[in-house]
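This report concerns only the one structure given below.
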Amino acid sequence: MKEIGGYFGMEDLVSKEFYSDLLALNSGSNALLYLLKARKIKKLYIPYYLCDSVSILLRHHGYEFEYYHVDQEFQPIFDKELEQGEYLYIVNLYGQFTQEKTLALQKHYGQLILDHSQAFFQKPLEGIDTIYSCRKFFGVPDGSYLATDAVLHETIEQDISKDRMAHILGRYEGTASEYYADFRNSNDILGEVPLRTMSKLTHNLMGAVDYEKAGRIRNENYAYLEKQFDEANPLKLTMPEGAFAYPLLVEDGIPVRNLLAEQKIYIPLLWPNVLDECPEESIEYQYAANILPLPCDQRYGIEDMAYLVEMVKKQLD
């Protein structure tokens, strides 16, 4: 029975989700699990240069997997012919896979799963299963979108997100450092949440985002950083639509991160597990340690980018 009267809860906001036509689930990892089940996948080939949440999920659910390397342009180094039930998992790192590159990979390998957790604004291509992450781009506690024609014939409950909002609400009115422990706790909890559909709360928040503004600001900020660092950056980059971050490859990424953190500039290490799993001379280790994913998202303007450039260059001199 519906309750009538009493105090007010959160308002229903503007319902204009960017991917309203895609399947909405509660996390990127669970979007992958959906595909594993629906496609009846037996084995998945995954890159070494990847968050360990994927390998943890595969082990937990008993799926066979094998690693492959990437080259200097993040392209897969993979020469096996995929058998029935085998898929190649490709991460669109920093949005560097253009439509042409993606179509070429599809033509060459066939059975692909494309991870767009770093490429939210790049639309899915027909016939390619594509996973999107909401919280990598926006202030939401969870959520993912999945582009697929595969159907999982299971009843999936709707997630509830209210207990994973502390770090988001805290940072909105406070600082990131004050609520970092809450962020870590929420992240750990989300890793254990079963496959569910996107929560009502996350749907509500994602429906109210100004996507045109967010994409435009990301493009402007990325272009500014690219102009400032292009000559010094060994990476040969393509400007993506609505960039996740600007990847700057430096020589001593870890100490530079630490020095920037002292100035309240927080540059993530993507991904720390790679440093434990790969030899130091590998490209995966070097990229994980030494690529600085410089923030260029919708929270910041050109003045912020100028300050960021000044501080980064000061640490590199």
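If you're wondering about the labels, chains in the structure tokens are A, B, ... by order shown, residues count from 1 in each chain, ligands from 1 in order shown.
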Practice item. Determine which residues of range 119-307 of chain A receive a DSSP assignment of alpha helix (DSSP H), computed from the backbone, and state them as an MDAnalysis selection string. Key: chainID A and resid 166:173 180:190 200:206 211:229 253:262 272:277 283:290 302:307
**Q.** Spatial neighbours of Ala232 in chain A, max dist 12 Å, only C-alpha atoms, sep filter under 6 positions, as an NGL selection string
**A.** :A and (225-226 or 247-251 or 313 or 316-317)
Name the residues of range 44-191 of chain A that fall into strand (DSSP E) according to DSSP on the backbone, using the chain letters and numbers of this document, as a VMD selection string. chain A and resid 44 to 47 64 to 70 76 to 77 86 to 91 112 to 115 129 to 133 144 to 147
Residue contacts of range 5-16 of chain A (7 Å, only C-alpha atoms) excluding same-chain residues fewer than 6 positions away, as a PyMOL selection string: chain A and resi 204+207-208
**Request:** In Å, rounded to a single decimal, give me how far CA of Phe137 in chain A is from CA of Tyr307 in chain A.
**Result:**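 A separation of 21.5 Å between them.
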Which residues are near range 37-54 of chain A? Cut-off 6 Å, only C-alpha atoms, ignore same chain within fewer than 3 positions. Put them as a PyMOL selection string.
chain A and resi 34+57+64-69+85-89+150-152+271+284
Write the residues you've just listed into a file as a PDB file, in the first residue's frame, and include N, CA and C atoms for each of them.
```
ATOM      1  N   TYR A  34      26.350 -10.149 -16.417  1.00  0.00           N
ATOM      2  CA  TYR A  34      25.137 -10.323 -17.226  1.00  0.00           C
ATOM      3  C   TYR A  34      25.499 -10.934 -18.585  1.00  0.00           C
ATOM      4  N   LEU A  57      35.907 -11.025 -10.161  1.00  0.00           N
ATOM      5  CA  LEU A  57      34.570 -11.482 -10.542  1.00  0.00           C
ATOM      6  C   LEU A  57      34.627 -12.816 -11.286  1.00  0.00           C
ATOM      7  N   GLU A  64      36.685 -19.290 -16.753  1.00  0.00           N
ATOM      8  CA  GLU A  64      38.076 -19.404 -17.193  1.00  0.00           C
ATOM      9  C   GLU A  64      38.483 -18.094 -17.875  1.00  0.00           C
ATOM     10  N   PHE A  65      39.714 -17.646 -17.617  1.00  0.00           N
ATOM     11  CA  PHE A  65      40.200 -16.447 -18.290  1.00  0.00           C
ATOM     12  C   PHE A  65      41.704 -16.534 -18.498  1.00  0.00           C
ATOM     13  N   GLU A  66      42.160 -15.709 -19.421  1.00  0.00           N
ATOM     14  CA  GLU A  66      43.591 -15.659 -19.750  1.00  0.00           C
ATOM     15  C   GLU A  66      43.941 -14.221 -20.093  1.00  0.00           C
ATOM     16  N   TYR A  67      45.158 -13.807 -19.723  1.00  0.00           N
ATOM     17  CA  TYR A  67      45.589 -12.429 -19.946  1.00  0.00           C
ATOM     18  C   TYR A  67      46.231 -12.248 -21.327  1.00  0.00           C
ATOM     19  N   TYR A  68      46.184 -11.014 -21.815  1.00  0.00           N
ATOM     20  CA  TYR A  68      46.947 -10.631 -23.004  1.00  0.00           C
ATOM     21  C   TYR A  68      47.562  -9.254 -22.763  1.00  0.00           C
ATOM     22  N   HIS A  69      48.566  -8.906 -23.560  1.00  0.00           N
ATOM     23  CA  HIS A  69      49.250  -7.622 -23.439  1.00  0.00           C
ATOM     24  C   HIS A  69      48.638  -6.589 -24.389  1.00  0.00           C
ATOM     25  N   GLY A  85      32.222 -19.753 -27.608  1.00  0.00           N
ATOM     26  CA  GLY A  85      32.170 -19.547 -26.166  1.00  0.00           C
ATOM     27  C   GLY A  85      33.323 -18.725 -25.615  1.00  0.00           C
ATOM     28  N   GLU A  86      34.241 -18.290 -26.487  1.00  0.00           N
ATOM     29  CA  GLU A  86      35.362 -17.454 -26.066  1.00  0.00           C
ATOM     30  C   GLU A  86      35.163 -16.023 -26.558  1.00  0.00           C
ATOM     31  N   TYR A  87      35.466 -15.063 -25.691  1.00  0.00           N
ATOM     32  CA  TYR A  87      35.317 -13.654 -26.046  1.00  0.00           C
ATOM     33  C   TYR A  87      36.574 -12.881 -25.665  1.00  0.00           C
ATOM     34  N   LEU A  88      36.807 -11.802 -26.404  1.00  0.00           N
ATOM     35  CA  LEU A  88      37.923 -10.898 -26.122  1.00  0.00           C
ATOM     36  C   LEU A  88      37.377  -9.641 -25.452  1.00  0.00           C
ATOM     37  N   TYR A  89      37.896  -9.343 -24.256  1.00  0.00           N
ATOM     38  CA  TYR A  89      37.452  -8.189 -23.470  1.00  0.00           C
ATOM     39  C   TYR A  89      38.426  -7.044 -23.723  1.00  0.00           C
ATOM     40  N   ALA A 150      21.727  -9.452 -26.145  1.00  0.00           N
ATOM     41  CA  ALA A 150      21.644 -10.693 -25.380  1.00  0.00           C
ATOM     42  C   ALA A 150      20.615 -10.539 -24.262  1.00  0.00           C
ATOM     43  N   VAL A 151      19.853 -11.578 -24.027  1.00  0.00           N
ATOM     44  CA  VAL A 151      18.807 -11.534 -23.002  1.00  0.00           C
ATOM     45  C   VAL A 151      19.097 -12.600 -21.952  1.00  0.00           C
ATOM     46  N   LEU A 152      19.158 -12.173 -20.714  1.00  0.00           N
ATOM     47  CA  LEU A 152      19.351 -13.095 -19.598  1.00  0.00           C
ATOM     48  C   LEU A 152      17.981 -13.426 -19.010  1.00  0.00           C
ATOM     49  N   TRP A 271      46.182   0.926 -12.600  1.00  0.00           N
ATOM     50  CA  TRP A 271      45.516   0.362 -11.434  1.00  0.00           C
ATOM     51  C   TRP A 271      46.606  -0.220 -10.564  1.00  0.00           C
ATOM     52  N   GLU A 284      52.657  -2.498 -19.309  1.00  0.00           N
ATOM     53  CA  GLU A 284      51.538  -2.364 -18.383  1.00  0.00           C
ATOM     54  C   GLU A 284      51.991  -1.727 -17.067  1.00  0.00           C
TER      55      GLU A 284
END
```
Of A:Gln118, A:Gln106, A:Asn92, A:Gln111, the one nearest to Pro293 in chain A when counting only C-alpha atoms is A:Gln118
Near-Ala31 in chain A list (12 Å; only C-alpha atoms; drop same-chain fewer than 4 positions) as a PDB file with C-alpha atoms, in the first residue's frame:
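As written to disk, part-v8.pdb reads:
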```pdb
ATOM      1  CA  LEU A  22      20.132   0.712 -22.865  1.00  0.00           C
ATOM      2  CA  LEU A  23      19.908  -1.899 -20.137  1.00  0.00           C
ATOM      3  CA  ALA A  24      20.533  -0.172 -16.787  1.00  0.00           C
ATOM      4  CA  LEU A  25      22.366  -2.257 -14.163  1.00  0.00           C
ATOM      5  CA  ASN A  26      24.043  -1.555 -10.844  1.00  0.00           C
ATOM      6  CA  SER A  27      27.757  -1.788 -11.737  1.00  0.00           C
ATOM      7  CA  LEU A  35      26.948 -10.878 -20.536  1.00  0.00           C
ATOM      8  CA  LEU A  36      28.865 -13.888 -19.254  1.00  0.00           C
ATOM      9  CA  LYS A  37      25.588 -15.549 -18.347  1.00  0.00           C
ATOM     10  CA  ALA A  38      23.459 -14.394 -21.264  1.00  0.00           C
ATOM     11  CA  VAL A  54      37.280  -8.132 -13.402  1.00  0.00           C
ATOM     12  CA  LEU A  57      34.570 -11.482 -10.542  1.00  0.00           C
ATOM     13  CA  ILE A 113      33.049  -7.180 -25.220  1.00  0.00           C
ATOM     14  CA  LEU A 114      33.935  -3.491 -25.192  1.00  0.00           C
ATOM     15  CA  ASP A 115      34.521  -1.776 -21.858  1.00  0.00           C
ATOM     16  CA  HIS A 116      33.632   1.922 -22.146  1.00  0.00           C
ATOM     17  CA  SER A 117      34.147   2.726 -18.474  1.00  0.00           C
ATOM     18  CA  ASP A 129      28.358  -5.577 -26.486  1.00  0.00           C
ATOM     19  CA  THR A 130      29.422  -2.383 -24.705  1.00  0.00           C
ATOM     20  CA  ILE A 131      29.620  -1.594 -20.985  1.00  0.00           C
ATOM     21  CA  TYR A 132      29.415   1.926 -19.521  1.00  0.00           C
ATOM     22  CA  SER A 133      30.179   3.073 -15.969  1.00  0.00           C
ATOM     23  CA  CYS A 134      28.213   5.954 -14.430  1.00  0.00           C
ATOM     24  CA  ASP A 142      26.856   3.138  -8.650  1.00  0.00           C
ATOM     25  CA  GLY A 143      25.255   2.259 -11.967  1.00  0.00           C
ATOM     26  CA  SER A 144      26.123   1.052 -15.432  1.00  0.00           C
ATOM     27  CA  TYR A 145      24.550   0.829 -18.862  1.00  0.00           C
ATOM     28  CA  LEU A 146      24.854  -2.165 -21.148  1.00  0.00           C
ATOM     29  CA  ALA A 147      24.381  -2.128 -24.910  1.00  0.00           C
ATOM     30  CA  THR A 148      23.536  -5.670 -25.985  1.00  0.00           C
ATOM     31  CA  ALA A 150      21.644 -10.693 -25.380  1.00  0.00           C
ATOM     32  CA  LEU A 152      19.351 -13.095 -19.598  1.00  0.00           C
ATOM     33  CA  PRO A 194      25.037  -9.102  -6.670  1.00  0.00           C
ATOM     34  CA  LEU A 195      23.747  -8.451 -10.163  1.00  0.00           C
ATOM     35  CA  ARG A 196      20.816  -6.078  -9.941  1.00  0.00           C
ATOM     36  CA  THR A 197      19.155  -3.435 -12.057  1.00  0.00           C
ATOM     37  CA  MET A 198      20.025   0.225 -11.510  1.00  0.00           C
TER      38      MET A 198
END
```
ask   = Restricting the calculation to only C-alpha atoms, which member of A:Arg135, A:Arg299, A:His203, A:Arg218 is positioned closest to Ser186 in chain A?
value =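 Counting only C-alpha atoms, the residue closest to Ser186 in chain A is A:Arg135.
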message: Under the rule that only C-alpha atoms are counted, which of A:Leu294, A:Glu81, A:Gln96, A:Gln122 is the nearest residue to Gly253 in chain A?
response: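 With only C-alpha atoms as the atom set, the closest residue is A:Leu294.
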task = Could you check which of A:Lys162, A:His167, A:Lys314, A:Lys101 is closest to Pro76 in chain A, using only C-alpha atoms?
result =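 For Pro76 in chain A, the nearest of the candidates is A:Lys101.
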With the cut-off set at 8 Å and counting only C-alpha atoms, tabulate each residue of range 174-251 of chain A with an atom at most that distance from an atom of range 302-306 of chain A, showing the nearest atom pair and its distance in Å to one decimal, ordered by chain and increasing number, as a tab-separated table.
```
residue	atom	partner	partner_atom	distance
A:Glu220	CA	A:Ile302	CA	7.8
A:Asn221	CA	A:Ile302	CA	6.2
A:Tyr224	CA	A:Ile302	CA	7.4
A:Leu225	CA	A:Met305	CA	7.1
```
Grab the residues selected above and save them as a short mmCIF file (atom, residue, chain, number, x, y, z; two decimals), in the first residue's frame with C-alpha atoms.
```
data_model
loop_
_atom_site.label_atom_id
_atom_site.label_comp_id
_atom_site.auth_asym_id
_atom_site.auth_seq_id
_atom_site.Cartn_x
_atom_site.Cartn_y
_atom_site.Cartn_z
CA GLU A 220 37.37 22.16 -23.67
CA ASN A 221 39.50 21.12 -20.70
CA TYR A 224 43.60 22.90 -23.11
CA LEU A 225 45.68 20.19 -21.41
#
```
Separating CA of Tyr222 in chain A from CA of Met206 in chain A, to the nearest tenth of an Å, is a gap of 22.8 Å
*Non-local contacts of Val256 in chain A (9 Å; only C-alpha atoms; under 3 positions in same chain excluded) as number ranges by chain*: A: 250, 252-253, 259-261, 290, 292, 312, 315-316
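When CA of Ala245 in chain A is paired with CA of Asp188 in chain A, their separation reads 23.3 Å.
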